[in-house]
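One file, run.pdb, is given below (PDB, C-alpha atoms, pLDDT in the B column).
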ATOM      1  CA  MET A 144      65.269 -32.046  -0.785  1.00 53.00           C
ATOM      2  CA  THR A 145      64.370 -28.434  -1.486  1.00 64.00           C
ATOM      3  CA  GLN A 146      61.712 -29.575  -3.952  1.00 63.00           C
ATOM      4  CA  ASP A 147      60.158 -31.737  -1.226  1.00 62.00           C
ATOM      5  CA  ASN A 148      60.228 -28.822   1.236  1.00 66.00           C
ATOM      6  CA  GLN A 149      58.510 -26.566  -1.291  1.00 67.00           C
ATOM      7  CA  ASN A 150      55.814 -29.179  -1.940  1.00 66.00           C
ATOM      8  CA  ILE A 151      55.266 -29.626   1.803  1.00 67.00           C
ATOM      9  CA  LYS A 152      54.997 -25.831   2.259  1.00 68.00           C
ATOM     10  CA  LYS A 153      52.520 -25.631  -0.639  1.00 69.00           C
ATOM     11  CA  ASP A 154      50.450 -28.460   0.830  1.00 73.00           C
ATOM     12  CA  ARG A 155      50.420 -26.754   4.244  1.00 78.00           C
ATOM     13  CA  GLY A 156      49.543 -23.462   2.575  1.00 79.00           C
ATOM     14  CA  TYR A 157      46.617 -25.063   0.745  1.00 83.00           C
ATOM     15  CA  LYS A 158      45.494 -26.786   3.911  1.00 86.00           C
ATOM     16  CA  ILE A 159      45.514 -23.505   5.855  1.00 88.00           C
ATOM     17  CA  PHE A 160      43.787 -21.741   2.966  1.00 89.00           C
ATOM     18  CA  PHE A 161      40.969 -24.289   2.822  1.00 91.00           C
ATOM     19  CA  ILE A 162      40.533 -24.279   6.613  1.00 92.00           C
ATOM     20  CA  LYS A 163      40.220 -20.481   6.567  1.00 94.00           C
ATOM     21  CA  LEU A 164      37.882 -20.619   3.576  1.00 95.00           C
ATOM     22  CA  ILE A 165      35.591 -23.156   5.230  1.00 95.00           C
ATOM     23  CA  SER A 166      35.624 -21.147   8.477  1.00 95.00           C
ATOM     24  CA  ILE A 167      34.663 -17.953   6.659  1.00 96.00           C
ATOM     25  CA  VAL A 168      31.896 -19.700   4.702  1.00 96.00           C
ATOM     26  CA  VAL A 169      30.440 -21.191   7.906  1.00 96.00           C
ATOM     27  CA  ALA A 170      30.612 -17.794   9.639  1.00 95.00           C
ATOM     28  CA  VAL A 171      28.839 -16.102   6.702  1.00 96.00           C
ATOM     29  CA  ILE A 172      26.107 -18.761   6.640  1.00 94.00           C
ATOM     30  CA  ILE A 173      25.509 -18.391  10.390  1.00 93.00           C
ATOM     31  CA  THR A 174      25.425 -14.592  10.089  1.00 92.00           C
ATOM     32  CA  ILE A 175      22.950 -14.678   7.209  1.00 91.00           C
ATOM     33  CA  ASN A 176      20.763 -17.152   9.089  1.00 88.00           C
ATOM     34  CA  LEU A 177      20.725 -14.987  12.225  1.00 86.00           C
ATOM     35  CA  LEU A 178      19.969 -11.809  10.282  1.00 85.00           C
ATOM     36  CA  PHE A 179      17.186 -13.495   8.341  1.00 82.00           C
ATOM     37  CA  ASN A 180      15.572 -14.811  11.512  1.00 79.00           C
ATOM     38  CA  MET A 181      15.873 -11.480  13.289  1.00 78.00           C
ATOM     39  CA  LEU A 182      14.628  -9.327  10.417  1.00 77.00           C
ATOM     40  CA  PHE A 183      12.077 -11.502   8.665  1.00 76.00           C
ATOM     41  CA  GLY A 184      11.110 -14.198  11.157  1.00 71.00           C
ATOM     42  CA  GLN A 185       8.350 -12.312  12.923  1.00 70.00           C
ATOM     43  CA  ARG A 186       7.026 -10.860   9.682  1.00 74.00           C
ATOM     44  CA  LEU A 187       6.782 -14.343   8.205  1.00 73.00           C
ATOM     45  CA  GLU A 188       4.912 -15.533  11.291  1.00 73.00           C
ATOM     46  CA  GLN A 189       2.398 -12.710  10.855  1.00 72.00           C
ATOM     47  CA  LEU A 190       2.014 -13.593   7.182  1.00 72.00           C
ATOM     48  CA  ASP A 191       1.438 -17.222   8.116  1.00 71.00           C
ATOM     49  CA  GLU A 192      -1.323 -16.132  10.498  1.00 67.00           C
ATOM     50  CA  ILE A 193      -3.050 -14.272   7.685  1.00 68.00           C
ATOM     51  CA  LEU A 194      -2.660 -17.169   5.271  1.00 70.00           C
ATOM     52  CA  PHE A 195      -4.091 -19.673   7.765  1.00 70.00           C
ATOM     53  CA  LEU A 196      -7.419 -17.928   8.228  1.00 64.00           C
ATOM     54  CA  ASN A 197      -9.167 -21.248   7.644  1.00 65.00           C
ATOM     55  CA  LYS A 198      -8.481 -22.221  11.263  1.00 70.00           C
ATOM     56  CA  SER A 199     -11.218 -20.943  13.515  1.00 73.00           C
ATOM     57  CA  ASP A 200      -8.986 -19.918  16.427  1.00 75.00           C
ATOM     58  CA  ILE A 201      -6.799 -17.810  14.156  1.00 72.00           C
ATOM     59  CA  ARG A 202      -9.902 -16.258  12.583  1.00 76.00           C
ATOM     60  CA  LEU A 203     -11.274 -15.367  16.013  1.00 82.00           C
ATOM     61  CA  GLU A 204      -7.971 -13.847  17.083  1.00 82.00           C
ATOM     62  CA  PHE A 205      -7.747 -11.846  13.851  1.00 80.00           C
ATOM     63  CA  LYS A 206     -11.356 -10.692  14.220  1.00 86.00           C
ATOM     64  CA  ASN A 207     -10.728  -9.555  17.802  1.00 91.00           C
ATOM     65  CA  LYS A 208      -7.612  -7.629  16.792  1.00 91.00           C
ATOM     66  CA  LEU A 209      -9.523  -5.947  13.971  1.00 91.00           C
ATOM     67  CA  ARG A 210     -12.356  -4.980  16.320  1.00 94.00           C
ATOM     68  CA  ASN A 211      -9.919  -3.564  18.868  1.00 94.00           C
ATOM     69  CA  GLU A 212      -8.221  -1.447  16.212  1.00 91.00           C
ATOM     70  CA  LEU A 213     -11.580  -0.189  14.927  1.00 89.00           C
ATOM     71  CA  GLU A 214     -12.612   0.775  18.463  1.00 91.00           C
ATOM     72  CA  LYS A 215      -9.338   2.644  18.973  1.00 90.00           C
ATOM     73  CA  GLY A 216      -9.866   4.483  15.697  1.00 85.00           C
ATOM     74  CA  LEU A 217     -13.421   5.480  16.585  1.00 86.00           C
ATOM     75  CA  LYS A 218     -12.299   6.949  19.910  1.00 89.00           C
ATOM     76  CA  LYS A 219     -10.040   9.430  18.108  1.00 86.00           C
ATOM     77  CA  ASP A 220     -11.350  12.893  17.223  1.00 85.00           C
ATOM     78  CA  ASN A 221     -10.105  12.680  13.640  1.00 85.00           C
ATOM     79  CA  ILE A 222      -9.699   9.362  11.909  1.00 82.00           C
ATOM     80  CA  PHE A 223      -8.041  10.843   8.807  1.00 84.00           C
ATOM     81  CA  TYR A 224      -5.423  13.490   8.270  1.00 89.00           C
ATOM     82  CA  GLU A 225      -6.549  16.588   6.364  1.00 91.00           C
ATOM     83  CA  GLU A 226      -4.664  15.562   3.196  1.00 94.00           C
ATOM     84  CA  ASP A 227      -6.290  12.126   3.297  1.00 92.00           C
ATOM     85  CA  LYS A 228      -9.730  13.689   3.675  1.00 92.00           C
ATOM     86  CA  ILE A 229      -9.147  15.804   0.576  1.00 94.00           C
ATOM     87  CA  LEU A 230      -7.971  12.803  -1.444  1.00 95.00           C
ATOM     88  CA  LEU A 231     -10.917  10.675  -0.350  1.00 94.00           C
ATOM     89  CA  PHE A 232     -13.367  13.463  -1.163  1.00 95.00           C
ATOM     90  CA  LYS A 233     -11.875  13.882  -4.642  1.00 95.00           C
ATOM     91  CA  LEU A 234     -12.097  10.123  -5.156  1.00 95.00           C
ATOM     92  CA  TYR A 235     -15.716  10.178  -3.982  1.00 95.00           C
ATOM     93  CA  LYS A 236     -16.591  12.975  -6.410  1.00 95.00           C
ATOM     94  CA  LYS A 237     -14.927  11.125  -9.292  1.00 94.00           C
ATOM     95  CA  ILE A 238     -16.789   7.904  -8.494  1.00 93.00           C
ATOM     96  CA  ILE A 239     -20.105   9.786  -8.363  1.00 93.00           C
ATOM     97  CA  LYS A 240     -19.325  11.392 -11.727  1.00 91.00           C
ATOM     98  CA  GLU A 241     -18.545   8.007 -13.286  1.00 90.00           C
ATOM     99  CA  PHE A 242     -21.844   6.604 -12.014  1.00 89.00           C
ATOM    100  CA  GLU A 243     -23.665   9.611 -13.460  1.00 88.00           C
ATOM    101  CA  ASP A 244     -21.937   8.957 -16.782  1.00 82.00           C
ATOM    102  CA  ILE A 245     -23.208   5.383 -16.714  1.00 82.00           C
ATOM    103  CA  ASP A 246     -26.756   6.601 -16.085  1.00 73.00           C
ATOM    104  CA  ASN A 247     -26.484   9.149 -18.921  1.00 76.00           C
ATOM    105  CA  ASN A 248     -25.134   6.570 -21.374  1.00 75.00           C
ATOM    106  CA  LYS A 249     -27.951   4.119 -20.637  1.00 72.00           C
ATOM    107  CA  ASN A 250     -30.652   6.742 -21.231  1.00 62.00           C
TER     108      ASN A 250
END
Show me this structure written as structure tokens.
Amino acid sequence: MTQDNQNIKKDRGYKIFFIKLISIVVAVIITINLLFNMLFGQRLEQLDEILFLNKSDIRLEFKNKLRNELEKGLKKDNIFYEEDKILLFKLYKKIIKEFEDIDNNKN
């Protein structure tokens, strides 16, 4: 009789263990799904918009957004920060030098 009671207790213990395990797994899956949708859902929608530029309405919307941002940028006194201006100027000088090197090598 005691052997039967121990087997019944083990079976109940396993049953409770598996119910808890399944509950925890379902809760983790739901949590991961919610976090993914909250964190990455909108970003993926924006990426989809960029990837589907072959549709004319999406192209028009993207073009209008780009124009609006360019207009906002042109209304500002300074488009670039001082550090960015320095970097761009150095890049410009280096590009000019490389083009001069091409001209010198061809002659």
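Rounded to one decimal, atom CA of A:Gln185 and atom CA of A:Ile167 lie 27.6 Å from each other.
If you look at atom CA of A:Lys158 and atom CA of A:Ala170, they are 18.3 Å away from each other.
Atom CA of A:Glu225 to atom CA of A:Arg210 spans 24.5 Å [interatomic distance, one decimal].
The shortest atom-to-atom distance to A:Leu190, with all atoms listed in the file taken into account, belongs to A:Phe205 out of A:Lys163, A:Leu178, A:Lys237, A:Phe205.
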